[in-house]
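Working notes, beginning with the structure itself.
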Amino acid sequence: MKKLALATITGVVATLVIGVGPAPAAHSAPDHRKPGPAQRVGETYSAPLVTAVNNLPVATEVRTGYLRSKFTHWVDADGDGCNTRYEVLDIESETSVTCSNLSGGRWFSYYDRVSWTDPGRIDIDHMVPLAEAWDSGARNWTSAQRQSFANDLGDSRSLVGVTDSVNGAKGDQDPAQWLPTYDKCRYLREFVAVKIRWRLTVNSDEKTAMQNLAAGCSNVTITVVRAI
């Protein structure tokens, strides 16, 4: 059973889950700057939630040219016979399973606080939806970078198993348009972390909504390893 820095989820989650990824450069200090082109893959960004939200760069979203097929998923990146969906189901099961045998698994959807034993009821949600990523900068990426984003197992916040109908309700909306019923502060932390990890922008309404929500959340530190 694979566990990638995964906290056991029971009810309200108060612990910040730190994703795994490339190690930070030796002797590097915490980076409180806005993402910029001079920064490198594998660098670590660390800042309190409010600062992290304020550091998100604002830009107009552009949907032109978006196709979901431009984000290839689900792939078997490590060649073990299990694609990304099954890898996440393995990682997030509260009981011992393998990606090739999910029998006996149990999954907790924190968006609606419902547990499932049928993996067919679990969607793997891209924390930052593919269309939202496209709008926010991924349209300028290479095909390989978009595939890496769509299958990001390097940070446990990028992909999350949730109730299928709830994921359908979320669609491609950002936090100004949709929030889960429960654990909104956790959701904000994870959404912000993924935006920072992939150097994605926010629009003005999205940033305002994030700032308003962050003001009522614990100002915990967000730590992210840059993927791009």
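Quick note on naming: the chains in the structure tokens go A, B, ... in the order shown, residues restart at 1 in each chain, and ligands are numbered from 1 in order of appearance.
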
Could I get the residues of segment 126-200 of chain A with an atom no further than 7 Å from an atom of segment 89-111 of chain A, each paired with its nearest atom pair and that distance in Å to one decimal, using only C-alpha atoms, sorted by chain and residue number, as JSON lines?
```
{"residue": "A:Gly161", "atom": "CA", "partner": "A:Ser109", "partner_atom": "CA", "distance": 6.3}
{"residue": "A:Val162", "atom": "CA", "partner": "A:Ser109", "partner_atom": "CA", "distance": 4.4}
{"residue": "A:Thr163", "atom": "CA", "partner": "A:Ser109", "partner_atom": "CA", "distance": 5.8}
{"residue": "A:Pro180", "atom": "CA", "partner": "A:Tyr111", "partner_atom": "CA", "distance": 4.9}
{"residue": "A:Thr181", "atom": "CA", "partner": "A:Tyr111", "partner_atom": "CA", "distance": 6.1}
{"residue": "A:Tyr182", "atom": "CA", "partner": "A:Tyr111", "partner_atom": "CA", "distance": 5.6}
{"residue": "A:Asp183", "atom": "CA", "partner": "A:Tyr111", "partner_atom": "CA", "distance": 6.9}
```

Set the distance at 6 Å and use only C-alpha atoms: which residues neighbour segment 157-160 of chain A once local chain neighbours fewer than 5 positions away are removed? I'd like the list as a PyMOL selection string. chain A and resi 124-127+190+194

Please extract the residues of segment 79-128 of chain A with a backbone DSSP assignment of strand (DSSP E) and present them as a list in words. Trp107, Phe108, Ser109, Val114, Ser115, Trp116, Ile122, Asp123, Ile124, Asp125 and His126 of chain A

Residues within 9 Å of Val192 of chain A, please, as a list in words. Count only C-alpha atoms; anything in the same chain fewer than 3 positions from it doesn't count. Leu49, Ala52, Val53, Leu56, Val128, Tyr187, Leu188, Arg189, Lys195, Ile196, Arg197, Met210 and Ile222 of chain A

For the selection you just gave me, I'd like the residues written to a file as a JSON list (two decimals), in the first residue's frame, keeping all heavy atoms.
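Generated file (part-v1.json):
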```json
[["chain", "number", "residue", "atom", "x", "y", "z"],
["A", 49, "LEU", "N", -0.08, 31.15, 4.82],
["A", 49, "LEU", "CA", -1.19, 31.10, 3.87],
["A", 49, "LEU", "C", -1.55, 32.47, 3.31],
["A", 49, "LEU", "O", -1.68, 32.64, 2.10],
["A", 49, "LEU", "CB", -2.42, 30.46, 4.52],
["A", 49, "LEU", "CG", -3.70, 30.45, 3.69],
["A", 49, "LEU", "CD1", -3.53, 29.64, 2.41],
["A", 49, "LEU", "CD2", -4.87, 29.91, 4.52],
["A", 52, "ALA", "N", 1.06, 33.63, 0.97],
["A", 52, "ALA", "CA", 1.05, 32.82, -0.25],
["A", 52, "ALA", "C", -0.07, 33.26, -1.19],
["A", 52, "ALA", "O", 0.14, 33.37, -2.41],
["A", 52, "ALA", "CB", 0.90, 31.34, 0.11],
["A", 53, "VAL", "N", -1.24, 33.52, -0.63],
["A", 53, "VAL", "CA", -2.36, 34.00, -1.46],
["A", 53, "VAL", "C", -2.02, 35.36, -2.06],
["A", 53, "VAL", "O", -2.22, 35.61, -3.26],
["A", 53, "VAL", "CB", -3.66, 34.07, -0.64],
["A", 53, "VAL", "CG1", -4.75, 34.77, -1.44],
["A", 53, "VAL", "CG2", -4.11, 32.67, -0.23],
["A", 56, "LEU", "N", 0.22, 35.34, -5.15],
["A", 56, "LEU", "CA", -0.23, 34.78, -6.43],
["A", 56, "LEU", "C", -0.37, 35.89, -7.47],
["A", 56, "LEU", "O", -1.07, 36.88, -7.24],
["A", 56, "LEU", "CB", -1.58, 34.06, -6.24],
["A", 56, "LEU", "CG", -1.53, 32.76, -5.45],
["A", 56, "LEU", "CD1", -2.95, 32.30, -5.12],
["A", 56, "LEU", "CD2", -0.80, 31.67, -6.22],
["A", 128, "VAL", "N", -6.59, 21.83, -8.99],
["A", 128, "VAL", "CA", -6.79, 22.92, -9.95],
["A", 128, "VAL", "C", -7.27, 22.27, -11.24],
["A", 128, "VAL", "O", -6.53, 21.52, -11.87],
["A", 128, "VAL", "CB", -5.49, 23.71, -10.19],
["A", 128, "VAL", "CG1", -5.68, 24.73, -11.32],
["A", 128, "VAL", "CG2", -5.04, 24.41, -8.92],
["A", 187, "TYR", "N", -9.16, 23.05, 1.65],
["A", 187, "TYR", "CA", -9.29, 23.15, 0.20],
["A", 187, "TYR", "C", -8.52, 24.35, -0.32],
["A", 187, "TYR", "O", -7.78, 24.26, -1.33],
["A", 187, "TYR", "CB", -10.77, 23.25, -0.18],
["A", 187, "TYR", "CG", -11.03, 23.28, -1.67],
["A", 187, "TYR", "CD1", -11.07, 22.11, -2.41],
["A", 187, "TYR", "CD2", -11.24, 24.50, -2.33],
["A", 187, "TYR", "CE1", -11.32, 22.14, -3.78],
["A", 187, "TYR", "CE2", -11.48, 24.53, -3.69],
["A", 187, "TYR", "CZ", -11.51, 23.34, -4.41],
["A", 187, "TYR", "OH", -11.76, 23.38, -5.78],
["A", 188, "LEU", "N", -8.64, 25.48, 0.35],
["A", 188, "LEU", "CA", -7.92, 26.68, -0.07],
["A", 188, "LEU", "C", -6.41, 26.45, -0.02],
["A", 188, "LEU", "O", -5.69, 26.79, -0.97],
["A", 188, "LEU", "CB", -8.29, 27.86, 0.83],
["A", 188, "LEU", "CG", -7.51, 29.16, 0.59],
["A", 188, "LEU", "CD1", -7.80, 29.70, -0.80],
["A", 188, "LEU", "CD2", -7.83, 30.19, 1.65],
["A", 189, "ARG", "N", -5.92, 25.88, 1.08],
["A", 189, "ARG", "CA", -4.49, 25.62, 1.19],
["A", 189, "ARG", "C", -3.98, 24.75, 0.05],
["A", 189, "ARG", "O", -2.93, 25.01, -0.54],
["A", 189, "ARG", "CB", -4.17, 24.93, 2.53],
["A", 189, "ARG", "CG", -4.41, 25.79, 3.76],
["A", 189, "ARG", "CD", -3.77, 25.15, 4.99],
["A", 189, "ARG", "NE", -4.25, 23.82, 5.29],
["A", 189, "ARG", "CZ", -5.24, 23.57, 6.14],
["A", 189, "ARG", "NH1", -5.90, 24.56, 6.72],
["A", 189, "ARG", "NH2", -5.59, 22.32, 6.39],
["A", 195, "LYS", "N", -1.40, 25.90, -7.30],
["A", 195, "LYS", "CA", -1.16, 27.08, -8.15],
["A", 195, "LYS", "C", 0.31, 27.51, -8.07],
["A", 195, "LYS", "O", 0.94, 27.83, -9.08],
["A", 195, "LYS", "CB", -2.07, 28.23, -7.73],
["A", 195, "LYS", "CG", -3.52, 28.09, -8.19],
["A", 195, "LYS", "CD", -3.76, 28.81, -9.51],
["A", 195, "LYS", "CE", -5.20, 28.67, -9.97],
["A", 195, "LYS", "NZ", -5.54, 29.60, -11.06],
["A", 196, "ILE", "N", 0.85, 27.51, -6.85],
["A", 196, "ILE", "CA", 2.24, 27.91, -6.67],
["A", 196, "ILE", "C", 3.19, 26.87, -7.26],
["A", 196, "ILE", "O", 4.17, 27.22, -7.94],
["A", 196, "ILE", "CB", 2.53, 28.13, -5.18],
["A", 196, "ILE", "CG1", 1.77, 29.35, -4.66],
["A", 196, "ILE", "CG2", 4.04, 28.30, -4.93],
["A", 196, "ILE", "CD1", 1.81, 29.51, -3.15],
["A", 197, "ARG", "N", 2.92, 25.61, -7.02],
["A", 197, "ARG", "CA", 3.78, 24.53, -7.52],
["A", 197, "ARG", "C", 3.96, 24.62, -9.03],
["A", 197, "ARG", "O", 5.06, 24.41, -9.55],
["A", 197, "ARG", "CB", 3.18, 23.18, -7.12],
["A", 197, "ARG", "CG", 3.93, 21.96, -7.67],
["A", 197, "ARG", "CD", 3.45, 20.70, -6.98],
["A", 197, "ARG", "NE", 3.86, 19.47, -7.65],
["A", 197, "ARG", "CZ", 5.08, 18.93, -7.54],
["A", 197, "ARG", "NH1", 6.00, 19.52, -6.82],
["A", 197, "ARG", "NH2", 5.36, 17.80, -8.15],
["A", 210, "MET", "N", -10.07, 34.20, -2.54],
["A", 210, "MET", "CA", -9.06, 33.49, -1.76],
["A", 210, "MET", "C", -8.62, 34.32, -0.55],
["A", 210, "MET", "O", -8.47, 33.78, 0.56],
["A", 210, "MET", "CB", -7.84, 33.18, -2.63],
["A", 210, "MET", "CG", -8.05, 32.09, -3.66],
["A", 210, "MET", "SD", -6.54, 31.90, -4.65],
["A", 210, "MET", "CE", -6.85, 30.30, -5.41],
["A", 222, "ILE", "N", 2.48, 27.36, 4.06],
["A", 222, "ILE", "CA", 2.36, 26.57, 2.83],
["A", 222, "ILE", "C", 3.77, 26.30, 2.32],
["A", 222, "ILE", "O", 4.53, 27.25, 2.09],
["A", 222, "ILE", "CB", 1.56, 27.33, 1.74],
["A", 222, "ILE", "CG1", 0.16, 27.69, 2.25],
["A", 222, "ILE", "CG2", 1.50, 26.53, 0.45],
["A", 222, "ILE", "CD1", -0.76, 26.53, 2.44]]
```

Do a neighbour search on Thr72 of chain A at 12 Å with only C-alpha atoms, toss out local chain neighbours closer than 3 positions, and write the hits as a list in words.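 Listed by chain and then number, they are Leu67, Arg68, Ser69, Val75, Asp76, Ala77, Asn83, Thr84, Leu130, Thr142, Ser143, Ala144, Gln145, Arg146, Gln147, Ser148, Phe149, Ala150, Asn151 and Asp152 of chain A.
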
A:Val166, A:Val88, A:Val41, A:Ala193 ranked by distance to Val224 of chain A, top pick (using only C-alpha atoms):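 The closest residue to Val224 of chain A is A:Ala193.
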